[in-house]
Number of protein chains: 6
Amino acid sequence: MKIGVPKEIKTNENRVALVPSGAAALVAGGHSVWVESGAGTGSGFSDEQYQNVGAHIAPNADATWAAADLIVKVKEPIKAEWPRIRAGQTLFTYFHFAADRQLTEAHLAAGATCIAYETVTLPTGELPLLTPMSEVAGRMAVHEGAKYLEKLYGGRGTLLGGVPGVLPAHVVVLGGGVVGSNAARLAAGLGARVTILDVSLDRLRYLDEVLPANVQTLFSSRHNLLPISSSGGCSFMAQLPPSSFAAKI
Amino acid sequence: MKIGVPKEIKTNENRVALVPSGAAALVAGGHSVWVESGAGTGSGFSDEQYQNVGAHIAPNADATWAAADLIVKVKEPIKAEWPRIRAGQTLFTYFHFAADRQLTEAHLAAGATCIAYETVTLPTGELPLLTPMSEVAGRMAVHEGAKYLEKLYGGRGTLLGGVPGVLPAHVVVLGGGVVGSNAARLAAGLGARVTILDVSLDRLRYLDEVLPANVQTLFSSRHNLLPISSSGGCSFMAQLPPSSFAAKI
Amino acid sequence: MKIGVPKEIKTNENRVALVPSGAAALVAGGHSVWVESGAGTGSGFSDEQYQNVGAHIAPNADATWAAADLIVKVKEPIKAEWPRIRAGQTLFTYFHFAADRQLTEAHLAAGATCIAYETVTLPTGELPLLTPMSEVAGRMAVHEGAKYLEKLYGGRGTLLGGVPGVLPAHVVVLGGGVVGSNAARLAAGLGARVTILDVSLDRLRYLDEVLPANVQTLFSSRHNLLPISSSGGCSFMAQLPPSSFAAKI
Amino acid sequence: MKIGVPKEIKTNENRVALVPSGAAALVAGGHSVWVESGAGTGSGFSDEQYQNVGAHIAPNADATWAAADLIVKVKEPIKAEWPRIRAGQTLFTYFHFAADRQLTEAHLAAGATCIAYETVTLPTGELPLLTPMSEVAGRMAVHEGAKYLEKLYGGRGTLLGGVPGVLPAHVVVLGGGVVGSNAARLAAGLGARVTILDVSLDRLRYLDEVLPANVQTLFSSRHNLLPISSSGGCSFMAQLPPSSFAAKI
Amino acid sequence: MKIGVPKEIKTNENRVALVPSGAAALVAGGHSVWVESGAGTGSGFSDEQYQNVGAHIAPNADATWAAADLIVKVKEPIKAEWPRIRAGQTLFTYFHFAADRQLTEAHLAAGATCIAYETVTLPTGELPLLTPMSEVAGRMAVHEGAKYLEKLYGGRGTLLGGVPGVLPAHVVVLGGGVVGSNAARLAAGLGARVTILDVSLDRLRYLDEVLPANVQTLFSSRHNLLPISSSGGCSFMAQLPPSSFAAKI
Amino acid sequence: MKIGVPKEIKTNENRVALVPSGAAALVAGGHSVWVESGAGTGSGFSDEQYQNVGAHIAPNADATWAAADLIVKVKEPIKAEWPRIRAGQTLFTYFHFAADRQLTEAHLAAGATCIAYETVTLPTGELPLLTPMSEVAGRMAVHEGAKYLEKLYGGRGTLLGGVPGVLPAHVVVLGGGVVGSNAARLAAGLGARVTILDVSLDRLRYLDEVLPANVQTLFSSRHNLLPISSSGGCSFMAQLPPSSFAAKI
């Protein structure tokens, strides 16, 4: 199969969909791989590294898209890329169609087969391509939350973990799935007091067993949420999908 | 030296001041030991066990006090025991004179040398006979607090650690010395959220390093204490000597 | 549906089957809710709180039972309540019929539909209304065990966690299910040495991974149990349902 | 004594040197306190809160400086404030004279008594006003380091803790004093692999006992440092004062 | 059924297939048990202990094999034992046929029914008789690895945990199943830095939650393995079956 | 100063007293360093590495000893080395004179100044050159103890940590100083149940705070030790210097 790897052009997207060792595996499997020149730069991979494992370097985006039956990307194609899509071509990337009608209709019109990473599902119900993104998202949420609590970024000047003699922040995490439990673990690691809520008691039981002692679990109900949100007692609250979200889709 | 061990007669006092292995050590050191018959029963030691290591059994309290130059006890002598004290005799026990003027004057009048366990001080400032009592007191404080939170004992029916989905209790410990840090550790072990306050930031720093993650430290000031005590947000609050109390005496 | 919430009258039962936020949810769902006056007092809820969310206050037990198609309670109806049950009425509470033939026959005779909380089972085999009770029971077992080890309550005067230099108690937990693992976790949190036994090695493997280091697991067999029970080496032993108990029912 | 609290005017400095409860304590001790109008705003305290505890509000900086024998501040006076200093006045703030000759000479010329927070030393050698700043600095260092590893801020796009299946970052902390050990603890809490170096083996022994398992200690020598700094194997390296730095000053 | 327990004669095999309490259970179930004289010695059980629970002692190996319909052993029969196998007899032991064609053909020729412990599979896919061996193997792997890192045994003189100021060893574990996760836990307990690899991200996620902080997880791919194996940066590497190995058989 | 580094010739001693980076530091300080050819081989350092930093290579032992005013070694000189010692020369190594009269008298007779590493004492009472050896000794003690519990080495076939369902070994450590606390930590890391005894309650308090939960502390007295040693209940017992040993010397 002819596989193309365009350079990502969405703002602030530095990743590449295929690293050289992945290209090597595909080439070894008898496929031909076309990587747009410079596609790997943002992730620290040079054109040479792709060539060394048998991939071809396409001079530009048009050539990359034209050469391939299967396009592997990181982000959904942005408007500038739509004209390059060919009917019959297969696109494999994070699409998030549900959030963007125009995007969805453009791809329907293009006649390409679009497989969204975030919907690939194993027989066990697991979402193998979404879960790692959720782990990153949950961990980054704490880094971001901590940043926006700084005075410099408009926050109230709270340090998540406090210092000895000064109480830590109270972080409330709504949803105990992949995103939430990763956020809770990191906030706890920074020394915050963490309350994690979920509608599944069974999930909370597991989190109670494996999360650090400064994470407390709370059943997610109107009764339990109202006092938290109205008291101003928490430093920041992250609203994340509940643990059963993935399975529900 | 002649050493006497009377049976404790204060209500609910089941301990004995000298266990058989202690008696053995004193006998081996050339002393003669007189144990009142039945003195060890409450702690599980029979008269035979004392006799087997070379102690004598005195038939009653009068005989025990009469035989000895040094009386070792657990609790301060209660009124019924005062007539047995002889001038020149040495009494070694927990006295807590500061709390009881009548007790103090009776012993002054008796002409005995009274050494209070709780005031024995090492060159390092450590109080070797008080500290273990403080450890027990701090740990028992949590057992007692938990009991009096039960509805059966007039409490509000709070389980210190909650269960998954139900928030744990908030335990506030005033004073981070031996008593307080032991109380904090046990309350945390039961799953409570614990706030420990002390006037020494240096002590709080150490506690922050060695106590579990569900213990948070707070500098003890009027500013910090008022919101806690007025909000009703804590399940119980234990007022204990600050970390510097022992050294100040 | 007309839903009635009688005040619990069994000795020492202070709970109420429906809290105001629960009543609010039912009212919002189009049901009418009748709460016996004072039913919430023992749990800290006033009649007003129920009225504020749209529930009706019934003046007494008879009126509550008479008004409702569905009675929600905490404990099984005691004899004084039996005459109030109507044929065709649905009763939803903890029944524990297996332990009380007279109770069972009285309810059969009454012609009511009785749904026992403890038998509600999810497709996964989970018992969502029994498990939280088991968690409370397992945790309370340690509080109770600790209390009855005190001299004051007839025990041998053992502090579960000991103090530095004095060995902790040895707590043996028979059964590694919900009750047992909660008991083991709390006893370990108090500093005891804990041995937990179960007939499922697979369950012990999981407990070994998530329980604290001072819990040791032991396969439950006659060979392993005999030396423990005969040596007097454990401070107290709690016999609890094995981990597979729930599934077996 | 007349005590003045000017509003801080250095860029991005939102703190105030005296909170209302501190003002209350000084007033209770017989002092008169003059707070510049708006001095507490950046920290969330209104003029009213100061007035309520007996402090006076001065209309502007000139009035505040003029009214007081003792000026308490957060940061060293910047140039705009120098003309307000009076001979004989006492200034109490963080000065860091060593880093700024012009600042030092201006204050010498002014004839004021300058007490730098960072040099206040207890008989034990402890620096009670510097240590909390060091704790904050060490913890913020990790927040900052994590931020500048993001692509958005010019970093290589490394998440300190990685995610399951992706190795965490390697954080090297030079100096195991207050700053360094706080930095190490937080980086470890975020899931990074941490190496902390110090010239005192005794300090490393203590850190080995109280820091999390993903912190490894290394003696700080040319021999040990060279391979780390040349291999590119660490994600970021923080150079902090060694543990003995404070005592050496 | 007549059950025979021969003494193991393979080099360094000290175990016995049936302990006295197991014999007691079989006798209680109506079976007759024949234990070869001395079979239990290596495990600390005397002939008397077997006789006391109702087992018979057979004078030698021939008598034991001859008496029994079912032979229970620890290791596969070695050549000296093959002539004792009878057609129609059932043999229950660890066989590992896949590794030894001669062994397999000898047992096929003998006409016995051979049930290999390591292949007994529960409906859940669990291997109840193999898993405990894997746990022992994984833990022993670390003891053995540590030993062969000593100079005395030809190693490079590395102590797995280092000491304060000296970096710990880096242990790489290939495969995160039962063997690997047990090895990782013990190496971490000794203070080593551990990297565990597996092809299942889902398994790595679980290990990340329950293993100590000094274990880091890494997806097992050519890309990730090459730099580890070529850099010489790890102290020893244990190649173990991946987590999915058991299920694959 | 002229400094000589002979190759160690005592059996199984592979270490070298001075690594190349140490030699570099001495050369940089104006000293001349003479390393016996091959002295670094056992530790992985070639003659070239020493020459590259400015040290001289001496062809043999005689030349090394003859060239130097100060000899730095690892182990005490064995008999073959005694004739090489010159009057006036300074020897710096681990000597352990107290254990070997002949060694002591030979060095007295030689007229050299002998400084034993193990007696170098800081003003704080710390023994900077002995402590790291004690750390290694305490950790190796557990590795060795585990090995000699294997059947292969004559032990009873006990795995220190057991496996799920099988109790771990009980390790008793006599002495809670550097050696003992390191041994306790590692045995606990392997999953054993550990009891550590010491005559200093103060030391046990600290160990109780920083050692893992499966280490229990016990005051070291005849009364406490007798039942442990007579019951056969511990897997192995390590007799180590008490925590106050170093200070007493």
# chains A, B, ... in the order shown; residues from 1 in each chain; ligands from 1
>>> closest_atom_pairs(of="chain D", to="chain B", cutoff="12 Å", atoms="only C-alpha atoms", output="CSV")
residue,atom,partner,partner_atom,distance
D:Val19,CA,B:His223,CA,9.4
D:Pro20,CA,B:His223,CA,8.8
D:Ser21,CA,B:His223,CA,5.7
D:Gly22,CA,B:His223,CA,8.3
D:Ala23,CA,B:His223,CA,10.9
D:Ala24,CA,B:His223,CA,9.7
D:Ala25,CA,B:Arg222,CA,9.3
D:Leu122,CA,B:Asp202,CA,11.5
D:Thr124,CA,B:Asp202,CA,11.1
D:Glu126,CA,B:Asp202,CA,8.9
D:Leu127,CA,B:Asp202,CA,10.3
D:Pro128,CA,B:Leu201,CA,8.3
D:Leu129,CA,B:Leu201,CA,10.6
D:Thr131,CA,B:Asp202,CA,9.5
D:Pro132,CA,B:Leu201,CA,9.0
D:Glu135,CA,B:Arg205,CA,9.9
D:Val178,CA,B:Arg205,CA,10.2
D:Ser181,CA,B:Glu209,CA,10.4
D:Asn182,CA,B:Glu209,CA,10.1
D:Arg185,CA,B:Glu209,CA,9.6
D:Gly189,CA,B:Ala213,CA,11.2
D:Tyr206,CA,B:Glu209,CA,10.6
D:Leu207,CA,B:Glu209,CA,9.6
D:Asp208,CA,B:Glu209,CA,11.6
D:Glu209,CA,B:Val210,CA,9.2
D:Val210,CA,B:Glu209,CA,6.1
D:Leu211,CA,B:Glu209,CA,7.7
D:Pro212,CA,B:Glu209,CA,10.1
>>> select_by_dssp(residues="range 49-244 of chain D", states="helix (DSSP H, G or I)", output="NGL selection string")
:D and (49-52 or 61-67 or 79-84 or 97-99 or 101-110 or 117-119 or 131-148 or 151-153 or 178-189 or 201-210 or 222-231)
>>> atom_distance(atom1="CA of Ser32 in chain E", atom2="CA of Leu226 in chain C")
23.8 Å
>>> select_by_dssp(residues="range 60-239 of chain E", states="strand (DSSP E or B)", output="mmCIF file with N, CA and C atoms, in the first residue's frame")
data_model
loop_
_atom_site.group_PDB
_atom_site.id
_atom_site.type_symbol
_atom_site.label_atom_id
_atom_site.label_comp_id
_atom_site.auth_asym_id
_atom_site.auth_seq_id
_atom_site.Cartn_x
_atom_site.Cartn_y
_atom_site.Cartn_z
ATOM 1 N N LEU E 70 -3.182 -43.050 40.532
ATOM 2 C CA LEU E 70 -2.816 -41.650 40.249
ATOM 3 C C LEU E 70 -1.499 -41.341 40.951
ATOM 4 N N ILE E 71 -0.540 -40.901 40.166
ATOM 5 C CA ILE E 71 0.762 -40.510 40.737
ATOM 6 C C ILE E 71 0.820 -38.980 40.760
ATOM 7 N N VAL E 72 1.050 -38.396 41.936
ATOM 8 C CA VAL E 72 1.235 -36.938 41.984
ATOM 9 C C VAL E 72 2.694 -36.658 42.297
ATOM 10 N N THR E 90 -2.530 -42.584 35.764
ATOM 11 C CA THR E 90 -2.590 -41.148 35.516
ATOM 12 C C THR E 90 -1.436 -40.451 36.236
ATOM 13 N N LEU E 91 -0.742 -39.576 35.521
ATOM 14 C CA LEU E 91 0.396 -38.842 36.106
ATOM 15 C C LEU E 91 0.053 -37.354 36.144
ATOM 16 N N PHE E 92 0.250 -36.760 37.312
ATOM 17 C CA PHE E 92 -0.124 -35.351 37.512
ATOM 18 C C PHE E 92 1.104 -34.631 38.061
ATOM 19 N N THR E 93 1.716 -33.800 37.247
ATOM 20 C CA THR E 93 2.971 -33.156 37.648
ATOM 21 C C THR E 93 3.294 -32.036 36.662
ATOM 22 N N THR E 113 -1.980 -41.572 31.231
ATOM 23 C CA THR E 113 -2.642 -40.288 31.019
ATOM 24 C C THR E 113 -1.834 -39.239 31.770
ATOM 25 N N CYS E 114 -1.334 -38.261 31.048
ATOM 26 C CA CYS E 114 -0.434 -37.268 31.656
ATOM 27 C C CYS E 114 -1.118 -35.908 31.701
ATOM 28 N N ILE E 115 -1.296 -35.387 32.888
ATOM 29 C CA ILE E 115 -1.881 -34.044 33.014
ATOM 30 C C ILE E 115 -0.797 -33.113 33.547
ATOM 31 N N ALA E 116 -0.448 -32.134 32.731
ATOM 32 C CA ALA E 116 0.636 -31.221 33.125
ATOM 33 C C ALA E 116 0.049 -30.077 33.959
ATOM 34 N N VAL E 163 23.825 3.018 47.377
ATOM 35 C CA VAL E 163 23.698 3.555 48.735
ATOM 36 C C VAL E 163 23.507 5.051 48.556
ATOM 37 N N VAL E 166 25.327 7.117 45.773
ATOM 38 C CA VAL E 166 25.748 6.251 44.662
ATOM 39 C C VAL E 166 24.479 5.778 43.951
ATOM 40 N N HIS E 170 20.187 -0.116 37.191
ATOM 41 C CA HIS E 170 19.024 0.009 36.326
ATOM 42 C C HIS E 170 18.653 -1.398 35.868
ATOM 43 N N VAL E 171 17.480 -1.863 36.281
ATOM 44 C CA VAL E 171 17.024 -3.205 35.932
ATOM 45 C C VAL E 171 15.945 -3.082 34.864
ATOM 46 N N VAL E 172 16.123 -3.772 33.755
ATOM 47 C CA VAL E 172 15.151 -3.752 32.672
ATOM 48 C C VAL E 172 14.429 -5.095 32.640
ATOM 49 N N VAL E 173 13.120 -5.070 32.735
ATOM 50 C CA VAL E 173 12.336 -6.297 32.734
ATOM 51 C C VAL E 173 11.510 -6.354 31.456
ATOM 52 N N LEU E 174 11.758 -7.364 30.636
ATOM 53 C CA LEU E 174 11.004 -7.522 29.385
ATOM 54 C C LEU E 174 9.815 -8.433 29.645
ATOM 55 N N ARG E 193 16.484 1.163 40.070
ATOM 56 C CA ARG E 193 15.616 1.834 39.112
ATOM 57 C C ARG E 193 15.169 0.777 38.119
ATOM 58 N N VAL E 194 13.884 0.634 37.926
ATOM 59 C CA VAL E 194 13.364 -0.465 37.121
ATOM 60 C C VAL E 194 12.581 0.074 35.936
ATOM 61 N N THR E 195 12.841 -0.485 34.747
ATOM 62 C CA THR E 195 12.022 -0.218 33.568
ATOM 63 C C THR E 195 11.387 -1.530 33.148
ATOM 64 N N ILE E 196 10.057 -1.545 33.068
ATOM 65 C CA ILE E 196 9.364 -2.768 32.673
ATOM 66 C C ILE E 196 8.676 -2.520 31.336
ATOM 67 N N LEU E 197 8.873 -3.449 30.379
ATOM 68 C CA LEU E 197 8.310 -3.301 29.037
ATOM 69 C C LEU E 197 7.270 -4.383 28.775
ATOM 70 N N ASP E 198 6.254 -4.038 28.023
ATOM 71 C CA ASP E 198 5.250 -5.015 27.617
ATOM 72 C C ASP E 198 4.592 -4.525 26.324
ATOM 73 N N VAL E 215 9.492 2.228 39.554
ATOM 74 C CA VAL E 215 9.304 1.402 38.359
ATOM 75 C C VAL E 215 8.688 2.277 37.280
ATOM 76 N N GLN E 216 9.332 2.343 36.123
ATOM 77 C CA GLN E 216 8.759 3.093 35.010
ATOM 78 C C GLN E 216 8.382 2.110 33.908
ATOM 79 N N THR E 217 7.251 2.373 33.242
ATOM 80 C CA THR E 217 6.756 1.456 32.217
ATOM 81 C C THR E 217 7.126 1.960 30.828
ATOM 82 N N LEU E 218 7.358 1.021 29.902
ATOM 83 C CA LEU E 218 7.763 1.388 28.542
ATOM 84 C C LEU E 218 7.152 0.394 27.563
ATOM 85 N N PHE E 219 6.547 0.925 26.495
ATOM 86 C CA PHE E 219 5.960 0.064 25.475
ATOM 87 C C PHE E 219 7.077 -0.737 24.822
ATOM 88 N N PHE E 236 21.169 -5.309 34.547
ATOM 89 C CA PHE E 236 20.838 -6.603 33.962
ATOM 90 C C PHE E 236 19.437 -6.539 33.390
ATOM 91 N N MET E 237 19.182 -7.411 32.451
ATOM 92 C CA MET E 237 17.928 -7.396 31.734
ATOM 93 C C MET E 237 17.360 -8.803 31.807
ATOM 94 N N ALA E 238 16.134 -8.911 32.239
ATOM 95 C CA ALA E 238 15.509 -10.224 32.361
ATOM 96 C C ALA E 238 14.463 -10.376 31.280
ATOM 97 N N GLN E 239 14.617 -11.383 30.420
ATOM 98 C CA GLN E 239 13.637 -11.596 29.357
ATOM 99 C C GLN E 239 12.596 -12.585 29.834
#
>>> decode(residues="range 138-166 of chain D", atoms="N, CA and C atoms", output="mmCIF file, in the first residue's frame")
data_model
loop_
_atom_site.group_PDB
_atom_site.id
_atom_site.type_symbol
_atom_site.label_atom_id
_atom_site.label_comp_id
_atom_site.auth_asym_id
_atom_site.auth_seq_id
_atom_site.Cartn_x
_atom_site.Cartn_y
_atom_site.Cartn_z
ATOM 1 N N GLY D 138 11.630 26.308 45.401
ATOM 2 C CA GLY D 138 11.897 24.944 44.956
ATOM 3 C C GLY D 138 10.686 24.335 44.280
ATOM 4 N N ARG D 139 9.513 24.613 44.823
ATOM 5 C CA ARG D 139 8.299 24.037 44.237
ATOM 6 C C ARG D 139 7.957 24.732 42.902
ATOM 7 N N MET D 140 8.096 26.064 42.887
ATOM 8 C CA MET D 140 7.818 26.797 41.648
ATOM 9 C C MET D 140 8.802 26.394 40.549
ATOM 10 N N ALA D 141 10.051 26.054 40.937
ATOM 11 C CA ALA D 141 11.052 25.685 39.933
ATOM 12 C C ALA D 141 10.551 24.537 39.073
ATOM 13 N N VAL D 142 9.837 23.614 39.693
ATOM 14 C CA VAL D 142 9.334 22.467 38.937
ATOM 15 C C VAL D 142 8.174 22.880 38.042
ATOM 16 N N HIS D 143 7.277 23.721 38.572
ATOM 17 C CA HIS D 143 6.193 24.227 37.736
ATOM 18 C C HIS D 143 6.765 24.969 36.521
ATOM 19 N N GLU D 144 7.778 25.786 36.763
ATOM 20 C CA GLU D 144 8.377 26.550 35.668
ATOM 21 C C GLU D 144 9.105 25.637 34.681
ATOM 22 N N GLY D 145 9.877 24.703 35.226
ATOM 23 C CA GLY D 145 10.616 23.777 34.365
ATOM 24 C C GLY D 145 9.658 23.000 33.471
ATOM 25 N N ALA D 146 8.553 22.553 34.069
ATOM 26 C CA ALA D 146 7.568 21.789 33.288
ATOM 27 C C ALA D 146 7.005 22.653 32.164
ATOM 28 N N LYS D 147 6.767 23.921 32.481
ATOM 29 C CA LYS D 147 6.188 24.814 31.475
ATOM 30 C C LYS D 147 7.149 25.004 30.309
ATOM 31 N N TYR D 148 8.413 25.238 30.624
ATOM 32 C CA TYR D 148 9.368 25.517 29.551
ATOM 33 C C TYR D 148 9.821 24.260 28.817
ATOM 34 N N LEU D 149 9.321 23.098 29.225
ATOM 35 C CA LEU D 149 9.519 21.890 28.415
ATOM 36 C C LEU D 149 8.414 21.736 27.378
ATOM 37 N N GLU D 150 7.345 22.553 27.514
ATOM 38 C CA GLU D 150 6.274 22.492 26.513
ATOM 39 C C GLU D 150 6.751 23.135 25.206
ATOM 40 N N LYS D 151 6.294 22.561 24.097
ATOM 41 C CA LYS D 151 6.622 23.106 22.770
ATOM 42 C C LYS D 151 6.234 24.578 22.684
ATOM 43 N N LEU D 152 5.082 24.891 23.255
ATOM 44 C CA LEU D 152 4.542 26.245 23.190
ATOM 45 C C LEU D 152 5.521 27.279 23.763
ATOM 46 N N TYR D 153 6.335 26.848 24.720
ATOM 47 C CA TYR D 153 7.279 27.764 25.366
ATOM 48 C C TYR D 153 8.709 27.490 24.906
ATOM 49 N N GLY D 154 8.830 26.804 23.765
ATOM 50 C CA GLY D 154 10.166 26.601 23.215
ATOM 51 C C GLY D 154 10.849 25.329 23.673
ATOM 52 N N GLY D 155 10.161 24.499 24.445
ATOM 53 C CA GLY D 155 10.769 23.268 24.945
ATOM 54 C C GLY D 155 10.690 22.140 23.937
ATOM 55 N N ARG D 156 11.153 20.967 24.381
ATOM 56 C CA ARG D 156 11.158 19.842 23.441
ATOM 57 C C ARG D 156 9.880 19.019 23.495
ATOM 58 N N GLY D 157 8.869 19.529 24.196
ATOM 59 C CA GLY D 157 7.591 18.821 24.210
ATOM 60 C C GLY D 157 7.578 17.600 25.096
ATOM 61 N N THR D 158 8.241 17.721 26.249
ATOM 62 C CA THR D 158 8.322 16.595 27.177
ATOM 63 C C THR D 158 7.349 16.799 28.334
ATOM 64 N N LEU D 159 6.574 15.747 28.654
ATOM 65 C CA LEU D 159 5.703 15.765 29.815
ATOM 66 C C LEU D 159 6.482 15.116 30.958
ATOM 67 N N LEU D 160 6.637 15.840 32.074
ATOM 68 C CA LEU D 160 7.549 15.356 33.124
ATOM 69 C C LEU D 160 7.299 13.906 33.521
ATOM 70 N N GLY D 161 6.028 13.537 33.681
ATOM 71 C CA GLY D 161 5.747 12.197 34.179
ATOM 72 C C GLY D 161 5.563 11.152 33.085
ATOM 73 N N GLY D 162 5.676 11.544 31.813
ATOM 74 C CA GLY D 162 5.353 10.606 30.748
ATOM 75 C C GLY D 162 3.919 10.123 30.900
ATOM 76 N N VAL D 163 3.604 9.029 30.239
ATOM 77 C CA VAL D 163 2.338 8.318 30.472
ATOM 78 C C VAL D 163 2.699 6.836 30.449
ATOM 79 N N PRO D 164 1.792 5.948 30.857
ATOM 80 C CA PRO D 164 2.144 4.525 30.822
ATOM 81 C C PRO D 164 2.640 4.115 29.441
ATOM 82 N N GLY D 165 3.809 3.529 29.379
ATOM 83 C CA GLY D 165 4.400 3.100 28.126
ATOM 84 C C GLY D 165 5.383 4.084 27.539
ATOM 85 N N VAL D 166 5.406 5.296 28.054
ATOM 86 C CA VAL D 166 6.348 6.332 27.614
ATOM 87 C C VAL D 166 7.165 6.754 28.828
#
